[in-house]
file start_7.cif (mmCIF, C-alpha atoms)
data_structure
loop_
_atom_site.label_atom_id
_atom_site.label_comp_id
_atom_site.auth_asym_id
_atom_site.auth_seq_id
_atom_site.Cartn_x
_atom_site.Cartn_y
_atom_site.Cartn_z
CA MET A 1 -58.29 -7.95 -6.69
CA ALA A 2 -54.97 -6.52 -5.60
CA ALA A 3 -54.84 -4.02 -2.81
CA ASN A 4 -54.61 -0.38 -3.61
CA PRO A 5 -50.91 0.37 -4.28
CA MET A 6 -51.21 3.69 -2.51
CA THR A 7 -52.29 2.36 0.86
CA GLN A 8 -48.65 1.67 1.74
CA PHE A 9 -48.11 5.43 1.95
CA GLU A 10 -50.88 6.02 4.44
CA VAL A 11 -49.93 7.62 7.69
CA TYR A 12 -51.74 6.48 10.80
CA ARG A 13 -51.51 7.35 14.43
CA ILE A 14 -49.65 5.09 16.83
CA GLY A 15 -50.68 5.63 20.41
CA PRO A 16 -52.63 8.58 21.75
CA GLU A 17 -53.37 11.81 20.00
CA ILE A 18 -50.98 14.56 21.02
CA LYS A 19 -51.95 18.14 20.35
CA ILE A 20 -50.11 21.40 20.80
CA GLY A 21 -52.61 24.17 20.33
CA THR A 22 -54.43 23.34 17.16
CA PHE A 23 -51.53 21.28 15.76
CA ASP A 24 -51.69 17.52 15.83
CA ILE A 25 -48.23 16.14 16.52
CA SER A 26 -49.23 12.57 17.28
CA PHE A 27 -46.70 9.82 17.00
CA THR A 28 -47.36 8.07 13.69
CA ASN A 29 -45.83 5.25 11.69
CA ALA A 30 -43.80 7.90 9.82
CA SER A 31 -42.43 9.16 13.13
CA LEU A 32 -41.68 5.58 14.12
CA PHE A 33 -39.52 5.01 11.06
CA MET A 34 -37.78 8.36 11.48
CA VAL A 35 -36.90 7.29 15.01
CA ILE A 36 -35.86 3.80 13.86
CA SER A 37 -33.62 5.23 11.13
CA SER A 38 -31.99 7.73 13.47
CA VAL A 39 -31.44 5.15 16.17
CA ALA A 40 -29.98 2.71 13.65
CA ILE A 41 -27.57 5.35 12.36
CA LEU A 42 -26.51 6.35 15.85
CA LEU A 43 -26.10 2.73 16.90
CA ILE A 44 -24.01 1.74 13.91
CA PHE A 45 -21.76 4.78 14.00
CA ASN A 46 -21.42 4.66 17.76
CA LEU A 47 -20.29 1.04 17.54
CA GLY A 48 -18.05 1.95 14.62
CA SER A 49 -16.25 4.69 16.51
CA LYS A 50 -16.05 3.16 19.98
CA LYS A 51 -12.80 1.28 19.60
CA ASN A 52 -9.94 2.46 17.49
CA LEU A 53 -8.33 -0.72 16.30
CA MET A 54 -5.21 -0.55 14.20
CA LEU A 55 -6.86 -3.13 11.98
CA PRO A 56 -10.52 -1.99 11.87
CA ASN A 57 -13.27 -4.56 12.29
CA LYS A 58 -16.26 -4.65 9.97
CA ILE A 59 -18.45 -2.11 11.70
CA GLN A 60 -15.56 0.27 12.25
CA LEU A 61 -14.63 -0.07 8.61
CA LEU A 62 -18.23 0.68 7.65
CA ALA A 63 -18.27 3.85 9.75
CA GLU A 64 -14.88 5.01 8.54
CA LEU A 65 -15.57 4.27 4.89
CA SER A 66 -18.85 6.20 5.10
CA TYR A 67 -17.00 9.05 6.76
CA SER A 68 -14.34 9.23 4.06
CA PHE A 69 -16.94 8.73 1.33
CA VAL A 70 -18.98 11.75 2.44
CA SER A 71 -15.84 13.71 3.22
CA LYS A 72 -14.51 13.11 -0.28
CA MET A 73 -17.87 13.96 -1.84
CA ILE A 74 -17.94 17.31 -0.05
CA SER A 75 -14.36 18.26 -0.78
CA ASP A 76 -14.79 17.28 -4.44
CA THR A 77 -17.93 19.34 -5.01
CA ALA A 78 -17.78 22.21 -2.53
CA GLY A 79 -14.09 22.52 -1.72
CA SER A 80 -12.37 22.94 1.61
CA LYS A 81 -14.59 25.84 2.70
CA ALA A 82 -17.50 23.45 3.17
CA LYS A 83 -15.78 21.60 6.01
CA PRO A 84 -17.88 23.18 8.81
CA TYR A 85 -21.00 21.79 7.11
CA PHE A 86 -19.65 18.26 6.97
CA SER A 87 -21.66 17.05 9.97
CA PHE A 88 -24.90 18.36 8.52
CA ILE A 89 -24.37 16.82 5.09
CA PHE A 90 -23.25 13.57 6.66
CA SER A 91 -26.37 13.44 8.85
CA LEU A 92 -28.55 14.34 5.89
CA PHE A 93 -27.05 11.69 3.64
CA MET A 94 -27.27 9.02 6.30
CA PHE A 95 -30.81 9.96 7.30
CA VAL A 96 -32.11 9.87 3.75
CA LEU A 97 -30.16 6.70 2.96
CA PHE A 98 -31.43 4.85 6.03
CA CYS A 99 -35.02 6.00 5.52
CA ASN A 100 -34.85 4.83 1.90
CA MET A 101 -33.28 1.51 2.84
CA PHE A 102 -35.69 0.81 5.68
CA GLY A 103 -38.48 1.42 3.20
CA MET A 104 -37.19 -1.49 1.15
CA ILE A 105 -38.11 -3.97 3.89
CA PRO A 106 -41.63 -5.35 3.32
CA TYR A 107 -44.42 -3.94 5.52
CA THR A 108 -42.34 -0.94 6.49
CA PHE A 109 -43.08 2.70 5.86
CA THR A 110 -40.89 4.87 3.63
CA VAL A 111 -40.47 8.23 5.28
CA THR A 112 -38.93 9.82 2.21
CA SER A 113 -41.89 8.89 0.03
CA HIS A 114 -43.78 11.78 1.59
CA ILE A 115 -43.47 15.13 -0.11
CA ILE A 116 -43.81 17.03 3.12
CA VAL A 117 -40.73 15.33 4.61
CA THR A 118 -38.51 15.82 1.58
CA PHE A 119 -39.83 19.34 1.12
CA VAL A 120 -39.04 20.34 4.69
CA LEU A 121 -35.50 19.01 4.26
CA ALA A 122 -35.08 20.74 0.90
CA ALA A 123 -36.56 23.99 2.14
CA PHE A 124 -34.29 23.96 5.16
CA ILE A 125 -31.29 23.43 2.86
CA PHE A 126 -32.49 26.16 0.49
CA ILE A 127 -33.02 28.70 3.25
CA GLY A 128 -29.78 27.74 4.96
CA VAL A 129 -27.75 28.01 1.77
CA THR A 130 -29.32 31.38 0.94
CA ILE A 131 -28.52 32.70 4.42
CA ILE A 132 -24.94 31.41 4.15
CA GLY A 133 -24.60 33.06 0.75
CA PHE A 134 -25.80 36.44 2.00
CA VAL A 135 -23.70 36.24 5.16
CA LYS A 136 -20.53 35.36 3.24
CA HIS A 137 -20.94 37.75 0.31
CA GLY A 138 -23.51 40.35 1.43
CA LEU A 139 -25.54 41.73 -1.42
CA GLY A 140 -22.79 40.47 -3.71
CA TYR A 141 -24.52 37.11 -3.52
CA LEU A 142 -27.08 38.52 -5.95
CA LYS A 143 -24.34 38.34 -8.58
CA LEU A 144 -25.24 34.65 -8.70
CA PHE A 145 -28.16 35.66 -10.91
CA VAL A 146 -25.98 37.63 -13.30
CA PRO A 147 -23.66 35.29 -15.15
CA SER A 148 -20.56 36.94 -16.57
CA GLY A 149 -20.00 37.18 -20.29
CA VAL A 150 -23.67 37.54 -21.20
CA PRO A 151 -24.68 40.22 -23.76
CA ILE A 152 -26.50 43.17 -22.22
CA ILE A 153 -29.60 42.57 -24.35
CA LEU A 154 -30.02 39.05 -23.04
CA LEU A 155 -29.31 39.99 -19.45
CA PRO A 156 -32.89 40.68 -18.28
CA LEU A 157 -34.04 37.34 -19.64
CA ILE A 158 -31.07 35.47 -18.18
CA VAL A 159 -31.56 37.05 -14.77
CA VAL A 160 -35.22 36.00 -14.73
CA ILE A 161 -34.29 32.46 -15.76
CA GLU A 162 -31.56 32.30 -13.12
CA ILE A 163 -33.92 33.51 -10.41
CA ILE A 164 -36.56 30.97 -11.38
CA SER A 165 -34.00 28.19 -11.47
CA TYR A 166 -32.70 29.24 -8.07
CA LEU A 167 -36.17 29.36 -6.56
CA SER A 168 -37.10 26.00 -8.01
CA ARG A 169 -34.17 24.32 -6.29
CA PRO A 170 -36.08 23.17 -3.20
CA ILE A 171 -38.92 21.87 -5.36
CA SER A 172 -36.68 19.94 -7.71
CA LEU A 173 -34.67 18.62 -4.80
CA SER A 174 -37.68 17.45 -2.81
CA VAL A 175 -39.78 16.19 -5.72
CA ARG A 176 -36.86 14.20 -7.14
CA LEU A 177 -36.48 12.18 -3.96
CA PHE A 178 -40.16 11.88 -3.17
CA ALA A 179 -41.19 10.92 -6.71
CA ASN A 180 -38.45 8.34 -7.04
CA MET A 181 -39.34 6.66 -3.80
CA MET A 182 -43.06 6.78 -4.38
CA ALA A 183 -42.90 5.59 -7.97
CA GLY A 184 -40.60 2.71 -7.12
CA HIS A 185 -42.69 1.50 -4.22
CA THR A 186 -45.92 1.87 -6.14
CA MET A 187 -44.51 -0.09 -9.04
CA MET A 188 -43.36 -2.89 -6.76
CA LYS A 189 -46.76 -3.00 -5.13
CA VAL A 190 -48.48 -3.13 -8.52
CA PHE A 191 -46.27 -5.99 -9.69
CA GLY A 192 -46.82 -7.73 -6.39
CA GLY A 193 -50.56 -7.38 -6.97
CA PHE A 194 -50.17 -8.93 -10.40
CA VAL A 195 -48.46 -11.94 -8.86
CA ILE A 196 -51.49 -12.54 -6.69
CA SER A 197 -54.11 -11.92 -9.39
CA LEU A 198 -52.38 -14.06 -12.06
CA GLY A 199 -51.90 -16.89 -9.60
CA ILE A 200 -49.63 -19.90 -9.82
CA VAL A 201 -49.84 -20.10 -13.63
CA GLY A 202 -49.04 -16.60 -14.83
CA GLY A 203 -47.64 -15.09 -11.67
CA TRP A 204 -44.04 -16.01 -12.35
CA LEU A 205 -43.39 -13.22 -14.83
CA PRO A 206 -44.46 -10.35 -12.54
CA LEU A 207 -42.68 -12.11 -9.68
CA SER A 208 -39.41 -12.08 -11.59
CA PHE A 209 -40.06 -8.43 -12.45
CA SER A 210 -40.65 -7.78 -8.79
CA VAL A 211 -37.34 -9.41 -7.86
CA ALA A 212 -35.50 -7.35 -10.47
CA LEU A 213 -37.29 -4.21 -9.30
CA THR A 214 -36.21 -4.86 -5.73
CA GLY A 215 -32.59 -4.75 -6.84
CA LEU A 216 -33.23 -1.64 -8.87
CA GLU A 217 -35.02 0.01 -5.98
CA ILE A 218 -32.14 -0.65 -3.60
CA LEU A 219 -29.88 1.02 -6.14
CA VAL A 220 -32.32 3.93 -6.46
CA ALA A 221 -32.53 4.22 -2.67
CA PHE A 222 -28.77 4.67 -2.45
CA LEU A 223 -28.57 6.81 -5.57
CA GLN A 224 -31.29 9.23 -4.46
CA ALA A 225 -29.66 9.70 -1.07
CA TYR A 226 -26.38 10.36 -2.85
CA VAL A 227 -28.00 12.78 -5.31
CA PHE A 228 -29.76 14.58 -2.48
CA ALA A 229 -26.49 15.03 -0.60
CA ILE A 230 -24.44 15.96 -3.63
CA LEU A 231 -26.96 18.57 -4.78
CA THR A 232 -26.84 20.05 -1.30
CA CYS A 233 -23.07 20.21 -1.70
CA ILE A 234 -23.43 21.92 -5.07
CA TYR A 235 -25.83 24.52 -3.68
CA LEU A 236 -23.46 25.04 -0.78
CA ASN A 237 -20.62 25.45 -3.24
CA ASP A 238 -22.56 28.23 -5.01
CA ALA A 239 -23.02 30.01 -1.71
CA LEU A 240 -19.43 29.57 -0.50
CA ASN A 241 -17.49 30.11 -3.71
CA LEU A 242 -19.24 32.69 -5.83
CA HIS A 243 -18.10 31.92 -9.36
CA HIS A 244 -20.32 34.14 -11.43
CA MET B 1 -44.19 35.96 -2.05
CA SER B 2 -41.71 33.35 -3.22
CA LYS B 3 -43.06 30.91 -0.69
CA LYS B 4 -46.52 31.32 -2.10
CA ILE B 5 -45.23 30.70 -5.61
CA LEU B 6 -43.42 27.61 -4.39
CA PHE B 7 -46.45 26.09 -2.81
CA GLN B 8 -48.52 26.87 -5.84
CA LEU B 9 -45.91 25.20 -7.99
CA ILE B 10 -45.93 22.10 -5.80
CA PHE B 11 -49.65 21.80 -5.99
CA PHE B 12 -49.49 22.39 -9.70
CA CYS B 13 -46.97 19.57 -10.02
CA PHE B 14 -49.18 17.19 -8.16
CA PHE B 15 -52.34 18.17 -9.85
CA PHE B 16 -51.87 15.76 -12.73
CA THR B 17 -50.61 12.86 -10.67
CA LYS B 18 -53.49 13.33 -8.34
CA GLU B 19 -55.92 13.27 -11.23
CA ILE B 20 -54.41 10.02 -12.49
CA PHE B 21 -54.57 8.23 -9.19
CA ALA B 22 -57.85 9.77 -8.18
CA ALA B 23 -59.70 7.83 -10.81
CA GLU B 24 -58.50 4.52 -9.44
CA SER B 25 -58.16 5.09 -5.73
CA GLY B 26 -58.73 7.62 -3.07
CA GLY B 27 -55.81 9.78 -4.21
CA MET B 28 -52.33 10.10 -2.77
CA PRO B 29 -52.05 9.85 1.00
CA GLN B 30 -49.04 12.18 0.67
CA LEU B 31 -51.34 15.07 -0.18
CA ASN B 32 -53.56 14.55 2.82
CA PRO B 33 -52.48 17.34 5.17
CA GLU B 34 -53.85 15.62 8.26
CA PHE B 35 -50.43 14.51 9.55
CA TRP B 36 -48.23 17.11 7.88
CA VAL B 37 -47.58 19.00 11.07
CA SER B 38 -46.87 15.77 12.91
CA GLN B 39 -44.40 14.70 10.23
CA ILE B 40 -42.68 18.09 10.22
CA PHE B 41 -42.46 18.03 14.00
CA TRP B 42 -41.06 14.51 14.24
CA LEU B 43 -38.69 15.04 11.33
CA THR B 44 -37.31 18.17 12.97
CA LEU B 45 -36.99 16.42 16.31
CA THR B 46 -35.34 13.22 15.10
CA PHE B 47 -33.10 14.93 12.58
CA SER B 48 -31.94 17.53 15.11
CA ILE B 49 -31.12 14.84 17.65
CA LEU B 50 -29.35 12.83 14.97
CA TYR B 51 -27.39 15.87 13.83
CA VAL B 52 -26.41 16.96 17.33
CA VAL B 53 -25.30 13.51 18.46
CA LEU B 54 -23.44 12.81 15.23
CA SER B 55 -21.66 16.16 15.08
CA ARG B 56 -20.87 16.42 18.80
CA MET B 57 -19.99 12.86 19.74
CA ILE B 58 -19.57 10.42 16.91
CA LEU B 59 -18.04 12.22 13.94
CA PRO B 60 -15.19 13.87 15.89
CA LYS B 61 -14.35 10.44 17.29
CA ILE B 62 -14.26 8.84 13.84
CA SER B 63 -12.19 11.73 12.55
CA SER B 64 -9.70 11.47 15.41
CA ASN B 65 -9.60 7.68 14.99
CA LEU B 66 -8.76 8.08 11.32
CA GLU B 67 -6.14 10.73 11.99
CA LEU B 68 -4.59 8.70 14.79
CA ARG B 69 -4.34 5.66 12.56
CA LYS B 70 -2.90 7.76 9.75
CA SER B 71 -0.27 9.28 12.01
CA GLN B 72 0.53 5.90 13.51
CA ILE B 73 0.99 4.39 10.07
CA GLN B 74 3.14 7.36 9.11
CA GLU B 75 5.22 6.89 12.25
CA ASN B 76 5.61 3.19 11.57
CA ILE B 77 6.69 3.88 8.02
CA LEU B 78 9.24 6.40 9.26
CA ALA B 79 10.51 3.96 11.89
CA ALA B 80 10.79 1.22 9.29
CA GLU B 81 12.66 3.58 7.00
CA LYS B 82 15.03 4.48 9.81
CA GLN B 83 15.64 0.87 10.69
CA ARG B 84 16.31 0.06 7.08
CA GLU B 85 18.88 2.84 6.92
CA ASP B 86 20.42 1.61 10.17
CA SER B 87 20.65 -1.89 8.83
CA GLU B 88 22.27 -0.59 5.68
CA ILE B 89 24.84 1.26 7.72
CA LYS B 90 25.46 -1.87 9.77
CA LEU B 91 25.83 -3.88 6.60
CA LYS B 92 28.38 -1.40 5.29
CA GLU B 93 30.27 -1.57 8.56
CA TYR B 94 30.25 -5.33 8.42
CA GLU B 95 31.53 -5.29 4.87
CA ASN B 96 34.27 -2.87 5.88
CA ILE B 97 35.30 -5.10 8.72
CA ILE B 98 35.32 -8.13 6.47
CA SER B 99 37.43 -6.44 3.82
CA LYS B 100 39.80 -5.08 6.45
CA SER B 101 40.25 -8.45 8.06
CA LYS B 102 40.79 -10.01 4.67
CA LEU B 103 43.54 -7.49 4.01
CA ASN B 104 45.00 -8.20 7.43
CA ALA B 105 44.97 -11.91 6.81
CA LYS B 106 46.71 -11.38 3.51
CA ASN B 107 49.35 -9.22 5.16
CA ILE B 108 49.92 -11.74 7.91
CA LEU B 109 50.23 -14.50 5.38
CA LYS B 110 52.73 -12.50 3.39
CA GLU B 111 54.74 -11.57 6.45
CA THR B 112 54.95 -15.10 7.73
CA ARG B 113 55.87 -16.39 4.32
CA ASP B 114 58.63 -13.80 4.04
CA LYS B 115 59.82 -14.61 7.52
CA THR B 116 59.94 -18.33 6.91
CA LEU B 117 61.62 -17.80 3.58
CA LYS B 118 64.23 -15.66 5.27
CA ASP B 119 64.69 -18.28 7.98
CA ILE B 120 65.04 -21.00 5.45
CA ASN B 121 67.53 -18.99 3.48
CA LEU B 122 69.54 -18.21 6.58
CA LYS B 123 69.61 -21.80 7.67
CA ARG B 124 70.51 -22.97 4.23
CA GLU B 125 73.35 -20.47 4.05
CA ASN B 126 74.59 -21.59 7.42
CA LEU B 127 74.43 -25.19 6.37
CA GLU B 128 76.19 -24.43 3.14
CA LYS B 129 78.89 -22.61 5.02
CA GLN B 130 79.27 -25.53 7.38
CA ILE B 131 79.32 -27.94 4.50
CA ASP B 132 81.91 -25.81 2.75
CA LEU B 133 83.97 -25.75 5.93
CA GLU B 134 83.76 -29.51 6.29
CA ILE B 135 84.64 -29.98 2.67
CA SER B 136 87.65 -27.69 2.95
CA LYS B 137 88.70 -29.45 6.13
CA ALA B 138 88.39 -32.82 4.43
CA GLU B 139 90.31 -31.50 1.47
CA ASN B 140 93.04 -30.21 3.74
CA GLU B 141 93.22 -33.58 5.44
CA ILE B 142 93.37 -35.26 2.08
CA ILE B 143 96.13 -32.89 1.01
CA THR B 144 98.10 -33.51 4.20
CA LEU B 145 97.47 -37.21 3.82
CA LYS B 146 98.64 -36.98 0.27
CA LYS B 147 101.77 -35.13 1.38
CA THR B 148 102.53 -37.59 4.19
CA ALA B 149 101.54 -40.69 2.22
CA PRO B 150 104.83 -41.17 0.24
CA GLU B 151 106.95 -41.01 3.42
CA LYS B 152 104.76 -43.54 5.20
CA ILE B 153 104.67 -45.73 2.14
CA ASN B 154 108.47 -45.46 1.95
CA LYS B 155 108.74 -46.41 5.63
CA ILE B 156 106.34 -49.33 5.07
CA ALA B 157 108.23 -50.30 1.97
CA ILE B 158 111.57 -50.16 3.82
CA GLN B 159 110.25 -52.23 6.75
CA THR B 160 108.49 -54.77 4.54
CA SER B 161 111.45 -55.05 2.20
CA SER B 162 113.84 -55.48 5.17
CA GLU B 163 111.53 -58.14 6.60
CA ILE B 164 111.23 -59.84 3.19
CA LEU B 165 115.01 -59.74 2.76
CA LYS B 166 115.55 -61.05 6.30
CA ASN B 167 113.15 -63.90 5.62
CA LEU B 168 114.64 -64.62 2.19
CA ILE B 169 118.31 -64.21 2.95
CA GLY B 170 118.19 -64.77 6.68
CA ALA B 171 120.56 -61.93 7.36
CA GLU B 172 119.95 -58.50 8.49
CA ILE B 173 120.63 -55.80 6.05
CA ASN B 174 121.37 -52.29 6.96
CA SER B 175 118.20 -50.33 6.90
CA SER B 176 119.86 -47.23 5.69
CA SER B 177 120.92 -48.88 2.42
CA ILE B 178 117.40 -50.20 1.90
CA SER B 179 115.90 -46.82 2.55
CA ALA B 180 118.30 -45.33 0.02
CA ILE B 181 117.16 -47.84 -2.60
CA VAL B 182 113.42 -47.30 -1.76
CA ASP B 183 113.82 -43.56 -1.90
CA ASP B 184 115.49 -43.88 -5.20
CA LEU B 185 112.76 -46.17 -6.56
CA SER B 186 109.98 -44.04 -5.21
CA LYS B 187 111.51 -40.95 -6.71
CA LYS B 188 111.83 -42.79 -10.00
CA ASN B 189 108.26 -44.07 -9.90
CA LYS B 190 106.74 -41.02 -8.31
CA ASN B 191 104.96 -40.04 -11.44
CA LYS B 192 103.78 -43.56 -11.94
CA TYR B 193 102.21 -43.88 -8.44
CA TYR B 194 101.03 -40.43 -7.66
CA GLY B 195 100.49 -39.12 -11.13
CA ASN B 196 97.48 -37.07 -11.50
#
call {"tool": "encode", "arguments": {"input": "start_7.cif", "output": "structure tokens"}}
result
Amino acid sequence: MAANPMTQFEVYRIGPEIKIGTFDISFTNASLFMVISSVAILLIFNLGSKKNLMLPNKIQLLAELSYSFVSKMISDTAGSKAKPYFSFIFSLFMFVLFCNMFGMIPYTFTVTSHIIVTFVLAAFIFIGVTIIGFVKHGLGYLKLFVPSGVPIILLPLIVVIEIISYLSRPISLSVRLFANMMAGHTMMKVFGGFVISLGIVGGWLPLSFSVALTGLEILVAFLQAYVFAILTCIYLNDALNLHH
Amino acid sequence: MSKKILFQLIFFCFFFTKEIFAAESGGMPQLNPEFWVSQIFWLTLTFSILYVVLSRMILPKISSNLELRKSQIQENILAAEKQREDSEIKLKEYENIISKSKLNAKNILKETRDKTLKDINLKRENLEKQIDLEISKAENEIITLKKTAPEKINKIAIQTSSEILKNLIGAEINSSSISAIVDDLSKKNKNKYYGN
């Protein structure tokens, strides 16, 4: 029978066990792919920014198009005030995108298919945005929970809903990415298993599904990175430009 | 407090999925907290390094590259615009020169034509004057010839008639009587010979 579709998400130790106090911080396959993704990003963008040709070559064009893509995304959603956070959002988008894309290569590990990774990122964004909001607007940031033009009677309910929606941001942000990546990879593994179990006679149908799913998953990998970054921009926009 | 709620919510979310997968396999490896700390640690490390290197070294470079190119293109466009204007000015100058020289050529042509016409006229007048002079001279000569012609003719007539008479008669006849007869005849026949 086909292998368990969940084994691809297993984390295992590479090399010796490293411990700080009671915490195990051993180098694992997840760490390996984080390092690979980061190194790949740094390599590509370093090559893309080394020479400034009047007529950019392919790698320079790649770096510059990514730069203007993220730059445009930020200025469209969060305005000009979000410029100091450009580097962070750019790194975030690239990190998530590269982790997702590396996961699409067979026998690799998808870093973003682990809830703890996406949750740490989302929680960091959530805490950071909240701090920025309070620093920029003081206690006036709490006005975010009180939308204008709401009848007084409804206000208590609305405030509760707004607070819950605000607090659920990191969860929705992290679960969206994690669930998409996990579901996609699981589905591909399941279809791959069907190819093996149905053999040469009936295996063609799941194989074609698998091929189609690969295309879809590459799209999802890009889309989820984009959504992750754009939602960060939207949260940042709430903190920088208080509209309520 | 909120943190606690969050974590509870997460576990609540995964409760069902875990139940589904638990029946078939050993559950989700994602929910095994064995390597959570390791993942958090390595994520923080790699992402921080990525962020620092990108924001300190690479992104400013890309930004400056883009701006440099933009300004260079802008400069080139401006230079091209300037050169175009220059060429337009030059073209106008050229056209001015051409039209001026055309006007000049026309003037020169006109002047020379006038000059030659004047010359021709002058020469023609001179010639006409000369011709007139010659004609009047010739006329005068003719008139004088006309005036002197009867006398000469008379003389010739007298001599020839005296010769003829001498030959015919063989005697010399007084020329004065002959001349008287010739004069008389010529006076008589004057209208017949010299009649206009």
call {"tool": "interface_residues", "arguments": {"input": "start_7.cif", "of": "chain B", "to": "chain A", "cutoff": "6 Å", "atoms": "all atoms listed in the file", "output": "ChimeraX atom specification"}}
result
/B:29-30,38,42,50-51,55,62,65
call {"tool": "residues_around", "arguments": {"input": "start_7.cif", "residues": "Ala212 in chain A", "least_positions_apart": "5", "cutoff": "12 Å", "atoms": "only C-alpha atoms", "output": "PDB file with C-alpha atoms, in the coordinates of the input"}}
result
ATOM      1  CA  GLY A 184     -40.600   2.710  -7.120  1.00  0.00           C
ATOM      2  CA  MET A 187     -44.510  -0.090  -9.040  1.00  0.00           C
ATOM      3  CA  MET A 188     -43.360  -2.890  -6.760  1.00  0.00           C
ATOM      4  CA  PHE A 191     -46.270  -5.990  -9.690  1.00  0.00           C
ATOM      5  CA  LEU A 205     -43.390 -13.220 -14.830  1.00  0.00           C
ATOM      6  CA  PRO A 206     -44.460 -10.350 -12.540  1.00  0.00           C
ATOM      7  CA  LEU A 207     -42.680 -12.110  -9.680  1.00  0.00           C
ATOM      8  CA  GLU A 217     -35.020   0.010  -5.980  1.00  0.00           C
ATOM      9  CA  ILE A 218     -32.140  -0.650  -3.600  1.00  0.00           C
ATOM     10  CA  LEU A 219     -29.880   1.020  -6.140  1.00  0.00           C
TER      11      LEU A 219
END
call {"tool": "residues_near_point", "arguments": {"input": "start_7.cif", "point": "(110.8, -54.9, 6.0)", "cutoff": "12 Å", "atoms": "all atoms listed in the file", "output": "PyMOL selection string"}}
result
chain B and resi 153-168+172-176+178-179+182
call {"tool": "write_last_selection", "arguments": {"input": "start_7.cif", "atoms": "C-alpha atoms", "output": "PDB file, keeping the file's coordinate frame"}}
result
ATOM      1  CA  ILE B 153     104.670 -45.730   2.140  1.00  0.00           C
ATOM      2  CA  ASN B 154     108.470 -45.460   1.950  1.00  0.00           C
ATOM      3  CA  LYS B 155     108.740 -46.410   5.630  1.00  0.00           C
ATOM      4  CA  ILE B 156     106.340 -49.330   5.070  1.00  0.00           C
ATOM      5  CA  ALA B 157     108.230 -50.300   1.970  1.00  0.00           C
ATOM      6  CA  ILE B 158     111.570 -50.160   3.820  1.00  0.00           C
ATOM      7  CA  GLN B 159     110.250 -52.230   6.750  1.00  0.00           C
ATOM      8  CA  THR B 160     108.490 -54.770   4.540  1.00  0.00           C
ATOM      9  CA  SER B 161     111.450 -55.050   2.200  1.00  0.00           C
ATOM     10  CA  SER B 162     113.840 -55.480   5.170  1.00  0.00           C
ATOM     11  CA  GLU B 163     111.530 -58.140   6.600  1.00  0.00           C
ATOM     12  CA  ILE B 164     111.230 -59.840   3.190  1.00  0.00           C
ATOM     13  CA  LEU B 165     115.010 -59.740   2.760  1.00  0.00           C
ATOM     14  CA  LYS B 166     115.550 -61.050   6.300  1.00  0.00           C
ATOM     15  CA  ASN B 167     113.150 -63.900   5.620  1.00  0.00           C
ATOM     16  CA  LEU B 168     114.640 -64.620   2.190  1.00  0.00           C
ATOM     17  CA  GLU B 172     119.950 -58.500   8.490  1.00  0.00           C
ATOM     18  CA  ILE B 173     120.630 -55.800   6.050  1.00  0.00           C
ATOM     19  CA  ASN B 174     121.370 -52.290   6.960  1.00  0.00           C
ATOM     20  CA  SER B 175     118.200 -50.330   6.900  1.00  0.00           C
ATOM     21  CA  SER B 176     119.860 -47.230   5.690  1.00  0.00           C
ATOM     22  CA  ILE B 178     117.400 -50.200   1.900  1.00  0.00           C
ATOM     23  CA  SER B 179     115.900 -46.820   2.550  1.00  0.00           C
ATOM     24  CA  VAL B 182     113.420 -47.300  -1.760  1.00  0.00           C
TER      25      VAL B 182
END
call {"tool": "residues_near_point", "arguments": {"input": "start_7.cif", "point": "(-33.3, 3.6, 4.0)", "cutoff": "9 Å", "atoms": "all atoms listed in the file", "output": "list in words"}}
result
Ser37, Met94, Phe95, Val96, Leu97, Phe98, Cys99, Asn100, Met101, Phe102, Gly103, Met104, Ile105, Thr110, Val111, Thr112, Ile218, Ala221, Phe222 and Ala225 of chain A
call {"tool": "atom_distance", "arguments": {"input": "start_7.cif", "atom1": "CA of Asp76 in chain A", "atom2": "CA of Asn180 in chain A"}}
result
25.4 Å
call {"tool": "atom_distance", "arguments": {"input": "start_7.cif", "atom1": "CA of Leu223 in chain A", "atom2": "CA of Tyr235 in chain A"}}
result
18.0 Å
call {"tool": "closest_residue", "arguments": {"input": "start_7.cif", "among": "A:Leu213, A:Ile131, A:Leu61, A:Ala229", "to": "Ala78 in chain A", "atoms": "only C-alpha atoms"}}
result
A:Ala229
call {"tool": "resolve_selection", "arguments": {"input": "start_7.cif", "expression": "the PyMOL selection byres ((chain A and resi 234) around 12)", "output": "JSON, numbers by chain"}}
result
{"A": [73, 74, 75, 76, 77, 78, 79, 82, 89, 125, 126, 129, 169, 173, 227, 228, 229, 230, 231, 232, 233, 235, 236, 237, 238, 239, 240, 241, 242]}
call {"tool": "atom_distance", "arguments": {"input": "start_7.cif", "atom1": "CA of Ile108 in chain B", "atom2": "CA of Leu127 in chain B"}}
result
28.0 Å
call {"tool": "axis_aligned_box", "arguments": {"input": "start_7.cif", "around": "range 139-146 of chain A", "padding_each_side": "6 Å", "output": "AutoDock Vina command-line options"}}
result
--center_x -25.5 --center_y 38.2 --center_z -7.4 --size_x 17.4 --size_y 19.1 --size_z 23.9
